[in-house]
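Asks: coords_30.cif (mmCIF, C-alpha atoms) pasted underneath:
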data_final
loop_
_atom_site.label_atom_id
_atom_site.label_comp_id
_atom_site.auth_asym_id
_atom_site.auth_seq_id
_atom_site.Cartn_x
_atom_site.Cartn_y
_atom_site.Cartn_z
CA MET A 745 -87.87 -69.16 40.08
CA LEU A 746 -88.95 -66.34 42.34
CA ASN A 747 -88.19 -66.61 46.03
CA SER A 748 -91.25 -67.83 47.88
CA ILE A 749 -93.22 -65.35 49.96
CA LEU A 750 -94.41 -68.09 52.36
CA GLN A 751 -92.62 -71.27 53.44
CA CYS A 752 -94.22 -73.92 55.65
CA ALA A 753 -92.02 -76.82 56.76
CA ASP A 754 -92.58 -79.91 58.93
CA LEU A 755 -95.91 -78.71 60.34
CA ASP A 756 -97.63 -81.04 62.80
CA ILE A 757 -100.77 -80.51 64.84
CA SER A 758 -103.06 -82.88 66.72
CA PHE A 759 -106.42 -82.42 68.41
CA GLY A 760 -106.58 -85.00 71.17
CA ASN A 761 -105.47 -88.32 69.71
CA HIS A 762 -106.25 -87.23 66.15
CA GLN A 763 -103.30 -85.98 64.11
CA VAL A 764 -104.63 -83.32 61.75
CA LEU A 765 -101.41 -82.23 60.02
CA ASN A 766 -98.42 -84.51 59.59
CA ASN A 767 -95.03 -83.16 58.48
CA LEU A 768 -96.67 -80.76 56.04
CA GLN A 769 -94.47 -78.87 53.54
CA MET A 770 -95.63 -76.02 51.29
CA ASP A 771 -94.41 -72.83 49.58
CA LEU A 772 -96.30 -69.90 48.09
CA TYR A 773 -94.81 -67.50 45.53
CA PRO A 774 -95.47 -63.76 44.98
CA GLY A 775 -98.65 -63.15 42.97
CA GLU A 776 -99.43 -66.87 42.84
CA ILE A 777 -102.85 -68.44 43.31
CA LEU A 778 -102.39 -71.79 45.03
CA SER A 779 -105.31 -74.13 45.66
CA ILE A 780 -105.31 -76.77 48.36
CA LEU A 781 -107.51 -79.58 47.03
CA GLY A 782 -108.67 -82.26 49.41
CA PRO A 783 -111.67 -84.01 50.96
CA SER A 784 -113.50 -82.72 54.01
CA GLY A 785 -111.58 -83.39 57.20
CA CYS A 786 -108.13 -83.63 55.61
CA GLY A 787 -106.81 -80.56 57.46
CA LYS A 788 -107.20 -77.82 54.82
CA THR A 789 -108.90 -75.26 57.05
CA THR A 790 -106.59 -76.07 59.96
CA LEU A 791 -103.61 -75.29 57.70
CA LEU A 792 -105.07 -71.87 56.85
CA ARG A 793 -105.71 -71.14 60.53
CA ILE A 794 -102.13 -72.08 61.40
CA ILE A 795 -100.73 -69.78 58.71
CA ALA A 796 -103.00 -66.97 59.93
CA GLY A 797 -101.90 -67.52 63.53
CA LEU A 798 -105.29 -68.73 64.78
CA GLU A 799 -103.99 -72.21 65.65
CA THR A 800 -100.59 -73.23 67.02
CA PRO A 801 -98.86 -76.30 65.58
CA SER A 802 -96.86 -78.63 67.80
CA ARG A 803 -93.87 -78.59 65.47
CA GLY A 804 -92.53 -76.95 62.33
CA THR A 805 -91.58 -73.55 60.97
CA ILE A 806 -93.34 -70.83 58.98
CA TYR A 807 -91.54 -67.99 57.20
CA LEU A 808 -93.39 -65.02 55.71
CA LYS A 809 -91.39 -62.65 53.49
CA ASN A 810 -88.19 -64.20 54.89
CA GLN A 811 -89.24 -63.49 58.50
CA LYS A 812 -89.86 -66.42 60.83
CA ILE A 813 -93.39 -66.08 62.16
CA PHE A 814 -93.54 -69.50 63.77
CA GLY A 815 -90.89 -71.90 65.03
CA ARG A 816 -89.04 -72.92 68.12
CA SER A 817 -89.39 -70.00 70.58
CA THR A 818 -91.19 -67.92 67.90
CA ASN A 819 -94.92 -67.44 67.42
CA LEU A 820 -95.84 -64.05 65.96
CA GLU A 821 -99.38 -63.14 66.99
CA ALA A 822 -102.05 -63.13 64.31
CA SER A 823 -102.61 -59.36 64.36
CA LYS A 824 -98.96 -58.74 63.43
CA ARG A 825 -98.72 -61.16 60.51
CA ASN A 826 -100.72 -58.95 58.11
CA ILE A 827 -102.41 -61.95 56.57
CA GLY A 828 -105.91 -61.57 55.16
CA MET A 829 -108.41 -64.38 55.64
CA ILE A 830 -111.83 -64.72 54.07
CA PHE A 831 -114.12 -67.23 55.74
CA GLN A 832 -116.87 -69.33 54.15
CA ASP A 833 -119.62 -67.06 55.49
CA TYR A 834 -117.68 -63.84 54.58
CA ALA A 835 -118.15 -62.55 58.18
CA LEU A 836 -119.45 -59.14 57.10
CA PHE A 837 -120.80 -56.81 59.79
CA PRO A 838 -124.57 -56.68 59.17
CA HIS A 839 -125.02 -53.29 60.87
CA LEU A 840 -122.35 -51.57 58.74
CA SER A 841 -122.65 -50.36 55.18
CA VAL A 842 -120.39 -51.74 52.44
CA GLU A 843 -118.18 -48.67 52.76
CA LYS A 844 -117.82 -49.04 56.52
CA ASN A 845 -117.21 -52.78 56.21
CA ILE A 846 -114.34 -52.06 53.83
CA LEU A 847 -112.89 -49.35 56.07
CA PHE A 848 -113.18 -51.40 59.26
CA GLY A 849 -109.69 -52.92 59.10
CA ILE A 850 -107.97 -49.61 58.33
CA SER A 851 -109.96 -47.31 60.63
CA HIS A 852 -106.78 -46.61 62.62
CA LEU A 853 -105.10 -44.98 59.59
CA ASN A 854 -105.41 -41.29 58.79
CA HIS A 855 -108.44 -40.17 56.79
CA LYS A 856 -106.51 -39.52 53.56
CA ILE A 857 -105.09 -43.05 53.45
CA GLN A 858 -108.51 -44.51 54.22
CA VAL A 859 -110.05 -42.60 51.31
CA GLU A 860 -107.24 -43.65 48.96
CA ASN A 861 -107.53 -47.31 49.93
CA LEU A 862 -111.30 -47.26 49.64
CA GLU A 863 -111.05 -45.74 46.17
CA ARG A 864 -108.47 -48.35 45.12
CA VAL A 865 -110.35 -51.44 46.28
CA GLN A 866 -113.85 -50.33 45.28
CA LYS A 867 -112.60 -49.83 41.71
CA LEU A 868 -110.79 -53.16 41.80
CA THR A 869 -113.86 -55.02 43.06
CA ARG A 870 -116.40 -52.92 41.12
CA LEU A 871 -118.40 -51.94 44.20
CA GLY A 872 -118.73 -48.24 43.44
CA GLY A 873 -122.53 -48.25 43.24
CA LEU A 874 -122.99 -50.39 46.33
CA LEU A 875 -121.03 -48.53 49.00
CA LYS A 876 -124.11 -47.29 50.89
CA ARG A 877 -125.90 -50.62 50.90
CA TYR A 878 -125.91 -53.13 53.75
CA PRO A 879 -124.89 -56.81 53.49
CA HIS A 880 -128.49 -58.08 53.53
CA GLU A 881 -129.17 -55.99 50.41
CA LEU A 882 -126.43 -57.74 48.42
CA SER A 883 -126.26 -60.99 46.46
CA GLY A 884 -123.87 -63.75 47.51
CA GLY A 885 -121.36 -62.75 44.83
CA GLN A 886 -121.52 -59.09 45.88
CA GLN A 887 -121.01 -60.03 49.53
CA GLN A 888 -117.94 -62.00 48.54
CA ARG A 889 -116.54 -59.01 46.68
CA VAL A 890 -117.08 -56.86 49.76
CA ALA A 891 -115.21 -59.42 51.88
CA ILE A 892 -112.31 -59.36 49.42
CA ALA A 893 -112.33 -55.55 49.24
CA ARG A 894 -112.26 -55.29 53.04
CA THR A 895 -109.27 -57.63 53.15
CA LEU A 896 -107.37 -56.02 50.25
CA ALA A 897 -107.81 -52.59 51.82
CA THR A 898 -105.35 -53.67 54.52
CA SER A 899 -102.71 -54.51 51.84
CA PRO A 900 -102.12 -58.02 53.25
CA ASN A 901 -98.91 -59.93 52.65
CA ILE A 902 -100.98 -62.89 51.48
CA LEU A 903 -104.67 -63.78 51.23
CA LEU A 904 -106.24 -66.98 52.58
CA MET A 905 -109.67 -68.13 51.35
CA ASP A 906 -111.61 -70.98 52.94
CA GLU A 907 -113.99 -72.73 50.48
CA PRO A 908 -114.73 -69.34 48.85
CA PHE A 909 -117.49 -70.52 46.50
CA SER A 910 -119.29 -73.09 48.65
CA ASN A 911 -122.11 -70.73 49.69
CA LEU A 912 -123.01 -69.75 46.13
CA ASP A 913 -125.71 -71.31 43.98
CA ALA A 914 -124.31 -73.63 41.32
CA SER A 915 -125.58 -71.27 38.60
CA LEU A 916 -123.49 -68.40 40.01
CA ARG A 917 -120.25 -70.18 40.80
CA LEU A 918 -118.63 -70.00 37.37
CA ALA A 919 -119.30 -66.28 36.90
CA VAL A 920 -118.20 -65.39 40.44
CA ARG A 921 -115.13 -67.61 40.16
CA MET A 922 -114.00 -65.80 37.01
CA GLU A 923 -114.70 -62.44 38.61
CA ILE A 924 -112.74 -63.26 41.78
CA GLU A 925 -109.82 -64.61 39.77
CA GLY A 926 -109.72 -61.33 37.84
CA ILE A 927 -109.61 -59.34 41.09
CA LEU A 928 -106.79 -61.48 42.51
CA ARG A 929 -104.77 -61.27 39.29
CA GLU A 930 -105.20 -57.52 39.02
CA SER A 931 -104.23 -56.97 42.65
CA ASN A 932 -101.28 -59.38 42.29
CA THR A 933 -102.05 -60.77 45.73
CA ALA A 934 -100.48 -64.12 46.62
CA THR A 935 -103.45 -66.30 47.55
CA ILE A 936 -104.13 -69.72 49.03
CA PHE A 937 -107.65 -71.05 48.73
CA VAL A 938 -108.87 -74.40 49.93
CA THR A 939 -111.57 -76.42 48.21
CA HIS A 940 -112.85 -79.97 47.77
CA ASP A 941 -114.03 -79.11 44.23
CA ARG A 942 -111.40 -80.02 41.63
CA GLU A 943 -113.04 -77.89 38.93
CA GLU A 944 -112.60 -74.83 41.15
CA ALA A 945 -109.04 -75.82 42.00
CA PHE A 946 -107.98 -76.43 38.41
CA SER A 947 -109.75 -73.47 36.82
CA ILE A 948 -108.11 -70.54 38.64
CA ALA A 949 -104.98 -71.86 40.38
CA ASP A 950 -101.42 -71.55 39.13
CA ARG A 951 -100.56 -74.62 41.19
CA VAL A 952 -102.66 -77.23 42.95
CA ALA A 953 -101.63 -79.01 46.15
CA VAL A 954 -103.46 -82.30 46.67
CA MET A 955 -103.95 -82.89 50.38
CA THR A 956 -105.16 -86.00 52.17
CA SER A 957 -104.78 -87.24 55.74
CA GLY A 958 -102.99 -84.13 56.92
CA SER A 959 -100.20 -83.93 54.37
CA ILE A 960 -99.69 -82.71 50.82
CA LYS A 961 -99.28 -85.65 48.48
CA GLN A 962 -98.43 -83.75 45.30
CA ILE A 963 -98.12 -80.15 44.21
CA GLY A 964 -97.82 -78.80 40.68
CA ARG A 965 -99.63 -77.18 37.77
CA PRO A 966 -103.20 -78.37 37.29
CA ASP A 967 -102.31 -80.27 34.11
CA GLN A 968 -99.40 -82.00 35.87
CA ILE A 969 -101.67 -83.12 38.69
CA TYR A 970 -104.24 -84.44 36.22
CA PHE A 971 -101.99 -86.16 33.68
CA TRP A 972 -99.12 -87.22 35.93
CA PRO A 973 -100.60 -88.11 39.35
CA ASN A 974 -98.01 -89.66 41.65
CA SER A 975 -100.45 -91.95 43.48
CA LYS A 976 -103.89 -93.49 43.26
CA GLU A 977 -105.05 -90.98 45.88
CA THR A 978 -103.97 -88.07 43.69
CA ALA A 979 -105.47 -89.66 40.59
CA LEU A 980 -108.85 -89.95 42.33
CA MET A 981 -108.73 -86.39 43.71
CA SER A 982 -107.78 -84.91 40.32
CA GLY A 983 -110.57 -86.51 38.31
CA SER A 984 -112.98 -89.41 37.99
CA CYS A 985 -111.13 -92.65 37.35
CA ASN A 986 -111.37 -96.41 37.75
CA PHE A 987 -108.60 -98.93 38.25
CA VAL A 988 -108.05 -102.26 36.49
CA ASP A 989 -105.33 -104.84 36.96
CA GLY A 990 -102.46 -104.93 34.52
CA ILE A 991 -99.07 -106.48 33.75
CA ILE A 992 -96.21 -104.38 32.39
CA SER A 993 -94.93 -105.30 28.93
CA GLY A 994 -92.30 -102.85 27.68
CA ASP A 995 -93.96 -99.48 27.10
CA HIS A 996 -97.45 -101.00 27.31
CA VAL A 997 -99.58 -102.70 29.94
CA LYS A 998 -101.70 -105.82 29.39
CA THR A 999 -105.23 -105.58 30.81
CA SER A 1000 -108.59 -107.29 30.53
CA ILE A 1001 -109.64 -104.70 27.94
CA GLY A 1002 -106.52 -105.02 25.81
CA ILE A 1003 -102.97 -103.70 25.59
CA LEU A 1004 -102.72 -100.04 26.59
CA PRO A 1005 -99.84 -97.57 26.02
CA LEU A 1006 -98.05 -96.28 29.13
CA ARG A 1007 -97.43 -92.63 29.96
CA ILE A 1008 -94.43 -93.38 32.21
CA THR A 1009 -92.41 -96.61 31.82
CA LYS A 1010 -89.08 -96.17 33.60
CA GLU A 1011 -90.41 -96.94 37.08
CA TYR A 1012 -91.70 -100.43 36.25
CA SER A 1013 -90.25 -103.73 35.09
CA ASP A 1014 -91.58 -106.25 32.58
CA ASN A 1015 -94.18 -108.64 34.04
CA GLU A 1016 -94.68 -106.41 37.09
CA LYS A 1017 -98.27 -106.38 38.34
CA VAL A 1018 -99.78 -102.89 38.46
CA GLN A 1019 -103.07 -101.02 38.68
CA VAL A 1020 -104.05 -98.96 35.64
CA ALA A 1021 -105.91 -95.66 36.08
CA ILE A 1022 -108.63 -95.13 33.47
CA ARG A 1023 -110.53 -91.85 33.21
CA HIS A 1024 -113.94 -91.76 31.61
CA THR A 1025 -112.57 -89.91 28.56
CA ASP A 1026 -109.78 -92.45 27.91
CA LEU A 1027 -111.73 -95.17 26.11
CA SER A 1028 -114.16 -95.32 23.23
CA MET A 1029 -116.95 -97.91 22.98
CA GLU A 1030 -117.93 -99.84 19.86
CA PRO A 1031 -121.09 -101.97 19.97
CA THR A 1032 -120.47 -105.52 18.74
CA PRO A 1033 -122.27 -108.84 19.43
CA SER A 1034 -118.90 -110.50 20.10
CA GLY A 1035 -117.75 -107.84 22.57
CA GLU A 1036 -116.35 -109.08 25.90
CA ASN A 1037 -117.54 -106.02 27.84
CA THR A 1038 -121.11 -105.24 28.86
CA VAL A 1039 -122.84 -101.90 29.44
CA ILE A 1040 -124.57 -102.22 32.81
CA LYS A 1041 -125.67 -98.66 33.55
CA LYS A 1042 -126.37 -95.41 31.72
CA ASP A 1043 -125.95 -92.19 33.71
CA PHE A 1044 -127.32 -89.12 31.93
CA ARG A 1045 -125.83 -85.91 33.38
CA GLY A 1046 -127.12 -83.23 31.04
CA ASP A 1047 -123.87 -82.10 29.45
CA GLU A 1048 -122.61 -85.65 29.15
CA THR A 1049 -123.65 -89.28 29.47
CA ILE A 1050 -121.53 -91.73 31.45
CA PHE A 1051 -121.77 -95.47 30.81
CA TRP A 1052 -120.71 -98.06 33.35
CA VAL A 1053 -119.08 -100.98 31.56
CA GLU A 1054 -118.25 -104.35 33.12
CA THR A 1055 -115.24 -106.16 31.67
CA ALA A 1056 -114.80 -109.90 31.26
CA GLU A 1057 -112.88 -109.84 34.56
CA LYS A 1058 -115.84 -108.15 36.31
CA GLU A 1059 -113.96 -104.84 36.56
CA LEU A 1060 -116.08 -101.68 36.31
CA ILE A 1061 -115.06 -98.79 34.05
CA GLN A 1062 -116.78 -95.49 33.33
CA CYS A 1063 -116.85 -94.25 29.73
CA LYS A 1064 -118.05 -90.88 28.52
CA HIS A 1065 -120.08 -90.77 25.32
CA LYS A 1066 -121.98 -88.24 23.26
CA ILE A 1067 -125.30 -87.20 24.76
CA HIS A 1068 -127.58 -88.57 22.05
CA THR A 1069 -126.65 -92.21 21.70
CA THR A 1070 -128.30 -95.55 21.05
CA LEU A 1071 -126.10 -97.34 23.57
CA PHE A 1072 -128.08 -98.98 26.35
CA PRO A 1073 -127.58 -101.30 29.35
CA GLY A 1074 -127.06 -104.93 28.33
CA LEU A 1075 -125.24 -104.03 25.10
CA LYS A 1076 -121.94 -105.81 24.33
CA VAL A 1077 -119.09 -103.45 23.42
CA ASN A 1078 -115.41 -103.40 22.58
CA LEU A 1079 -113.25 -100.83 24.37
CA SER A 1080 -110.24 -99.16 22.81
CA PRO A 1081 -108.00 -96.22 23.79
CA VAL A 1082 -108.94 -92.81 22.42
CA GLN A 1083 -106.26 -91.66 19.96
CA TYR A 1084 -103.05 -90.35 21.60
CA THR A 1085 -104.22 -91.39 25.08
CA LYS A 1086 -101.61 -92.88 27.40
CA PHE A 1087 -102.22 -94.44 30.78
CA ASN A 1088 -100.82 -94.05 34.28
CA VAL A 1089 -100.09 -97.14 36.33
CA PHE A 1090 -99.44 -97.60 40.03
CA SER A 1091 -97.93 -100.28 42.20
CA VAL A 1092 -100.45 -102.74 43.58
CA GLU A 1093 -99.28 -101.69 47.06
CA ASP A 1094 -100.28 -98.06 46.39
CA LYS A 1095 -103.35 -97.15 48.41
#
Reformat the file's structure so that it appears as structure tokens.

Replies:
Amino acid sequence: MLNSILQCADLDISFGNHQVLNNLQMDLYPGEILSILGPSGCGKTTLLRIIAGLETPSRGTIYLKNQKIFGRSTNLEASKRNIGMIFQDYALFPHLSVEKNILFGISHLNHKIQVENLERVQKLTRLGGLLKRYPHELSGGQQQRVAIARTLATSPNILLMDEPFSNLDASLRLAVRMEIEGILRESNTATIFVTHDREEAFSIADRVAVMTSGSIKQIGRPDQIYFWPNSKETALMSGSCNFVDGIISGDHVKTSIGILPLRITKEYSDNEKVQVAIRHTDLSMEPTPSGENTVIKKDFRGDETIFWVETAEKELIQCKHKIHTTLFPGLKVNLSPVQYTKFNVFSVEDK
């Protein structure tokens, strides 16, 4: 594997009596897009500010391109780290044109280099026809491209993005997300972006780091995070799921809805009590008068319909079904695993 361009180790920071980061570990590799996925208040933005040099942790080390930029007796000032950061509101200068916004961070360079960098980033971000406009004359997606162009013009070591799509209308997010990913890939800029939206995290990141309560709980490819979560916390952050009680039996687990095949068996012993994670795509429903499970709610979401099903043990499970269906609340159903589906289980002590 490539040597990492950024290494964060043992980072701690507290504000008053509240510990925001706790022994945080993280690496970033050249050209990689890494998403930090976590709920509001888990410390995502604080982590970015620490890496950028805008906050000072109480402990830990940070290396950038094999140079220590933070540690005992070392704290390289933000202006010397050459790290680009794009904030939620883009922070464009309203009184400057697009061209002057882009050139702002490199105005100290000679004119030839400024022109070359402007030409490079305006082609990369497709802003050629907008250079004379002002921020208020641009759409949200165009403003975001200007913010990225301004940052890339400085040739940063890495790029940090704080909730980059949160200010966009839902109808624009997908298109802008694809566009921004293309720019980052083409520029080969190592990037960290933080988000609480798992769809955003999974769709453009090479790796996803799930963060809760000030530390990273799991880091890996999006499919690893989704199919092999290492905790109930990670399972919930990586996709909708419910939990039912179960008892291990070989490579299966006995539950109130039947015997389900396990994805991972080596960590558990026969007759061990566990919690089984069930995603809404894991089970199929079959209406039957003798069914032990009852549909109690129908949740139409446009592209899909989610049914809430209560088991004989009063456990609630969500099941996805085709949009046009005759299923309705009060109906008795049998539940069975979708073909090839296997299930993750967790210790009952796992929070």

Asks: Please write as a list of chain:residue names the full residue list that the PyMOL selection byres ((chain A and resi 981) around 10) yields on this file.

Replies: A:Leu781, A:Gly782, A:Pro783, A:His940, A:Asp941, A:Arg942, A:Val954, A:Met955, A:Thr956, A:Ile969, A:Tyr970, A:Pro973, A:Ser975, A:Lys976, A:Glu977, A:Thr978, A:Ala979, A:Leu980, A:Ser982, A:Gly983, A:Ser984, A:Cys985

Asks: Please provide the set of residues having any atom within 12 Å of Gly804 in chain A, restricted to all atoms listed in the file, with same-chain residues fewer than 4 positions apart removed, written as a list of chain:residue names.

Replies: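 Final neighbour list, sorted by chain and number: A:Gln751, A:Cys752, A:Ala753, A:Asp754, A:Leu755, A:Asp756, A:Ile757, A:Leu765, A:Asn766, A:Asn767, A:Leu768, A:Gln769, A:Met770, A:Ile794, A:Ile795, A:Thr800, A:Lys812, A:Ile813, A:Phe814, A:Gly815, A:Arg816, A:Ser817, A:Thr818, A:Asn819.
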
Asks: For the structure shown, which residues end up in the PyMOL selection byres ((chain A and resi 883-896) around 9)? Put them as a PDB file with C-alpha atoms, keeping the file's coordinate frame, please?

Replies:
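Result saved to expr_29.pdb:
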ATOM      1  CA  ILE A 827    -102.410 -61.950  56.570  1.00  0.00           C
ATOM      2  CA  GLY A 828    -105.910 -61.570  55.160  1.00  0.00           C
ATOM      3  CA  MET A 829    -108.410 -64.380  55.640  1.00  0.00           C
ATOM      4  CA  ILE A 830    -111.830 -64.720  54.070  1.00  0.00           C
ATOM      5  CA  PHE A 831    -114.120 -67.230  55.740  1.00  0.00           C
ATOM      6  CA  ASP A 833    -119.620 -67.060  55.490  1.00  0.00           C
ATOM      7  CA  TYR A 834    -117.680 -63.840  54.580  1.00  0.00           C
ATOM      8  CA  ALA A 835    -118.150 -62.550  58.180  1.00  0.00           C
ATOM      9  CA  LEU A 836    -119.450 -59.140  57.100  1.00  0.00           C
ATOM     10  CA  VAL A 842    -120.390 -51.740  52.440  1.00  0.00           C
ATOM     11  CA  GLU A 843    -118.180 -48.670  52.760  1.00  0.00           C
ATOM     12  CA  ASN A 845    -117.210 -52.780  56.210  1.00  0.00           C
ATOM     13  CA  ILE A 846    -114.340 -52.060  53.830  1.00  0.00           C
ATOM     14  CA  LEU A 847    -112.890 -49.350  56.070  1.00  0.00           C
ATOM     15  CA  PHE A 848    -113.180 -51.400  59.260  1.00  0.00           C
ATOM     16  CA  GLY A 849    -109.690 -52.920  59.100  1.00  0.00           C
ATOM     17  CA  ILE A 850    -107.970 -49.610  58.330  1.00  0.00           C
ATOM     18  CA  ASN A 861    -107.530 -47.310  49.930  1.00  0.00           C
ATOM     19  CA  LEU A 862    -111.300 -47.260  49.640  1.00  0.00           C
ATOM     20  CA  VAL A 865    -110.350 -51.440  46.280  1.00  0.00           C
ATOM     21  CA  GLN A 866    -113.850 -50.330  45.280  1.00  0.00           C
ATOM     22  CA  LEU A 868    -110.790 -53.160  41.800  1.00  0.00           C
ATOM     23  CA  THR A 869    -113.860 -55.020  43.060  1.00  0.00           C
ATOM     24  CA  ARG A 870    -116.400 -52.920  41.120  1.00  0.00           C
ATOM     25  CA  LEU A 871    -118.400 -51.940  44.200  1.00  0.00           C
ATOM     26  CA  LEU A 874    -122.990 -50.390  46.330  1.00  0.00           C
ATOM     27  CA  PRO A 879    -124.890 -56.810  53.490  1.00  0.00           C
ATOM     28  CA  HIS A 880    -128.490 -58.080  53.530  1.00  0.00           C
ATOM     29  CA  GLU A 881    -129.170 -55.990  50.410  1.00  0.00           C
ATOM     30  CA  LEU A 882    -126.430 -57.740  48.420  1.00  0.00           C
ATOM     31  CA  ALA A 897    -107.810 -52.590  51.820  1.00  0.00           C
ATOM     32  CA  THR A 898    -105.350 -53.670  54.520  1.00  0.00           C
ATOM     33  CA  SER A 899    -102.710 -54.510  51.840  1.00  0.00           C
ATOM     34  CA  PRO A 900    -102.120 -58.020  53.250  1.00  0.00           C
ATOM     35  CA  LEU A 903    -104.670 -63.780  51.230  1.00  0.00           C
ATOM     36  CA  PRO A 908    -114.730 -69.340  48.850  1.00  0.00           C
ATOM     37  CA  PHE A 909    -117.490 -70.520  46.500  1.00  0.00           C
ATOM     38  CA  ASN A 911    -122.110 -70.730  49.690  1.00  0.00           C
ATOM     39  CA  LEU A 912    -123.010 -69.750  46.130  1.00  0.00           C
ATOM     40  CA  ASP A 913    -125.710 -71.310  43.980  1.00  0.00           C
ATOM     41  CA  LEU A 916    -123.490 -68.400  40.010  1.00  0.00           C
ATOM     42  CA  ARG A 917    -120.250 -70.180  40.800  1.00  0.00           C
ATOM     43  CA  ALA A 919    -119.300 -66.280  36.900  1.00  0.00           C
ATOM     44  CA  VAL A 920    -118.200 -65.390  40.440  1.00  0.00           C
ATOM     45  CA  GLU A 923    -114.700 -62.440  38.610  1.00  0.00           C
ATOM     46  CA  ILE A 924    -112.740 -63.260  41.780  1.00  0.00           C
ATOM     47  CA  ILE A 927    -109.610 -59.340  41.090  1.00  0.00           C
ATOM     48  CA  SER A 931    -104.230 -56.970  42.650  1.00  0.00           C
ATOM     49  CA  THR A 933    -102.050 -60.770  45.730  1.00  0.00           C
TER      50      THR A 933
END

Asks: Check which residues satisfy the PyMOL selection byres ((chain A and resi 1032) around 10) in the file shown, then give them as a ChimeraX atom specification.

Replies: /A:1029-1031,1033-1037,1075-1078

Asks: Please compute the CA of Ala914 in chain A-CA of Ile936 in chain A distance, one decimal, in Å.

Replies: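 Calculated distance between CA of Ala914 in chain A and CA of Ile936 in chain A is 22.0 Å.
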
Asks: Can you measure CA of Gly964 in chain A to CA of Pro801 in chain A for me? One decimal in Å is fine.

Replies: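 Interatomic distance here is 25.0 Å.
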
Asks: From the set A:Gly1074, A:Gly926, A:Pro1005, A:Pro1081, which residue has the shortest atom-to-atom contact distance to Thr1025 in chain A, counting all atoms listed in the file?

Replies: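 Of A:Gly1074, A:Gly926, A:Pro1005, A:Pro1081, the one nearest Thr1025 in chain A, counting all atoms listed in the file, is A:Pro1081.
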
Asks: Could you check the closest approach to Asn986 in chain A for each of A:Tyr773, A:Phe1044, A:Phe1087, A:Phe1072 and tell me which residue wins, using all atoms listed in the file?

Replies: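 Looking at the shortest contact to Asn986 in chain A, the residue is A:Phe1087.
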
Asks: Listing only residues of range 937-1040 of chain A within 6 Å of range 1047-1054 of chain A, what is the closest atom pair and its distance in Å (to one decimal) for each, using only C-alpha atoms, sorted by chain and residue number ascending, as a Markdown table?

Replies:
| residue | atom | partner | partner_atom | distance |
| --- | --- | --- | --- | --- |
| A:Asn1037 | CA | A:Glu1054 | CA | 5.6 |
| A:Thr1038 | CA | A:Glu1054 | CA | 5.2 |
| A:Val1039 | CA | A:Val1053 | CA | 4.4 |
| A:Ile1040 | CA | A:Trp1052 | CA | 5.7 |

Asks: Which polymer residues have any atom within 7 Å of an atom of range 997-1002 of chain A, counting all atoms listed in the file, with same-chain residues fewer than 5 positions away left out, as a PyMOL selection string?

Replies: chain A and resi 989-992+1055-1057+1079

Asks: Place a sphere of radius 9 Å on (-111.1, -85.3, 57.8) in the file coordinates and name every protein, DNA or RNA residue with an atom inside or on its surface, counting only C-alpha atoms; give the answer as a PDB file with C-alpha atoms, in the frame of the given file.

Replies:
ATOM      1  CA  VAL A 764    -104.630 -83.320  61.750  1.00  0.00           C
ATOM      2  CA  PRO A 783    -111.670 -84.010  50.960  1.00  0.00           C
ATOM      3  CA  SER A 784    -113.500 -82.720  54.010  1.00  0.00           C
ATOM      4  CA  GLY A 785    -111.580 -83.390  57.200  1.00  0.00           C
ATOM      5  CA  CYS A 786    -108.130 -83.630  55.610  1.00  0.00           C
ATOM      6  CA  GLY A 787    -106.810 -80.560  57.460  1.00  0.00           C
ATOM      7  CA  LYS A 788    -107.200 -77.820  54.820  1.00  0.00           C
ATOM      8  CA  THR A 956    -105.160 -86.000  52.170  1.00  0.00           C
ATOM      9  CA  SER A 957    -104.780 -87.240  55.740  1.00  0.00           C
ATOM     10  CA  GLY A 958    -102.990 -84.130  56.920  1.00  0.00           C
TER      11      GLY A 958
END

Asks: Reconstruct range 998-1003 of chain A at the level of N, CA, C and O atoms, and format the result as a PDB file, in the frame of the given file.

Replies:
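selection.pdb, written as the output of this step:
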ATOM      1  N   LYS A 998    -100.659-104.872  29.789  1.00  0.00           N
ATOM      2  CA  LYS A 998    -101.700-105.820  29.390  1.00  0.00           C
ATOM      3  C   LYS A 998    -102.830-105.795  30.409  1.00  0.00           C
ATOM      4  O   LYS A 998    -102.587-105.908  31.610  1.00  0.00           O
ATOM      5  N   THR A 999    -104.062-105.648  29.923  1.00  0.00           N
ATOM      6  CA  THR A 999    -105.230-105.580  30.810  1.00  0.00           C
ATOM      7  C   THR A 999    -106.349-106.434  30.238  1.00  0.00           C
ATOM      8  O   THR A 999    -106.248-106.961  29.120  1.00  0.00           O
ATOM      9  N   SER A1000    -107.435-106.519  30.981  1.00  0.00           N
ATOM     10  CA  SER A1000    -108.590-107.290  30.530  1.00  0.00           C
ATOM     11  C   SER A1000    -109.290-106.645  29.341  1.00  0.00           C
ATOM     12  O   SER A1000    -110.098-107.295  28.677  1.00  0.00           O
ATOM     13  N   ILE A1001    -108.998-105.374  29.086  1.00  0.00           N
ATOM     14  CA  ILE A1001    -109.640-104.700  27.940  1.00  0.00           C
ATOM     15  C   ILE A1001    -108.672-104.517  26.776  1.00  0.00           C
ATOM     16  O   ILE A1001    -108.984-103.826  25.806  1.00  0.00           O
ATOM     17  N   GLY A1002    -107.482-105.115  26.889  1.00  0.00           N
ATOM     18  CA  GLY A1002    -106.520-105.020  25.810  1.00  0.00           C
ATOM     19  C   GLY A1002    -105.180-104.480  26.269  1.00  0.00           C
ATOM     20  O   GLY A1002    -104.930-104.308  27.471  1.00  0.00           O
ATOM     21  N   ILE A1003    -104.318-104.209  25.307  1.00  0.00           N
ATOM     22  CA  ILE A1003    -102.970-103.700  25.590  1.00  0.00           C
ATOM     23  C   ILE A1003    -103.004-102.172  25.461  1.00  0.00           C
ATOM     24  O   ILE A1003    -103.387-101.640  24.417  1.00  0.00           O
TER      25      ILE A1003
END
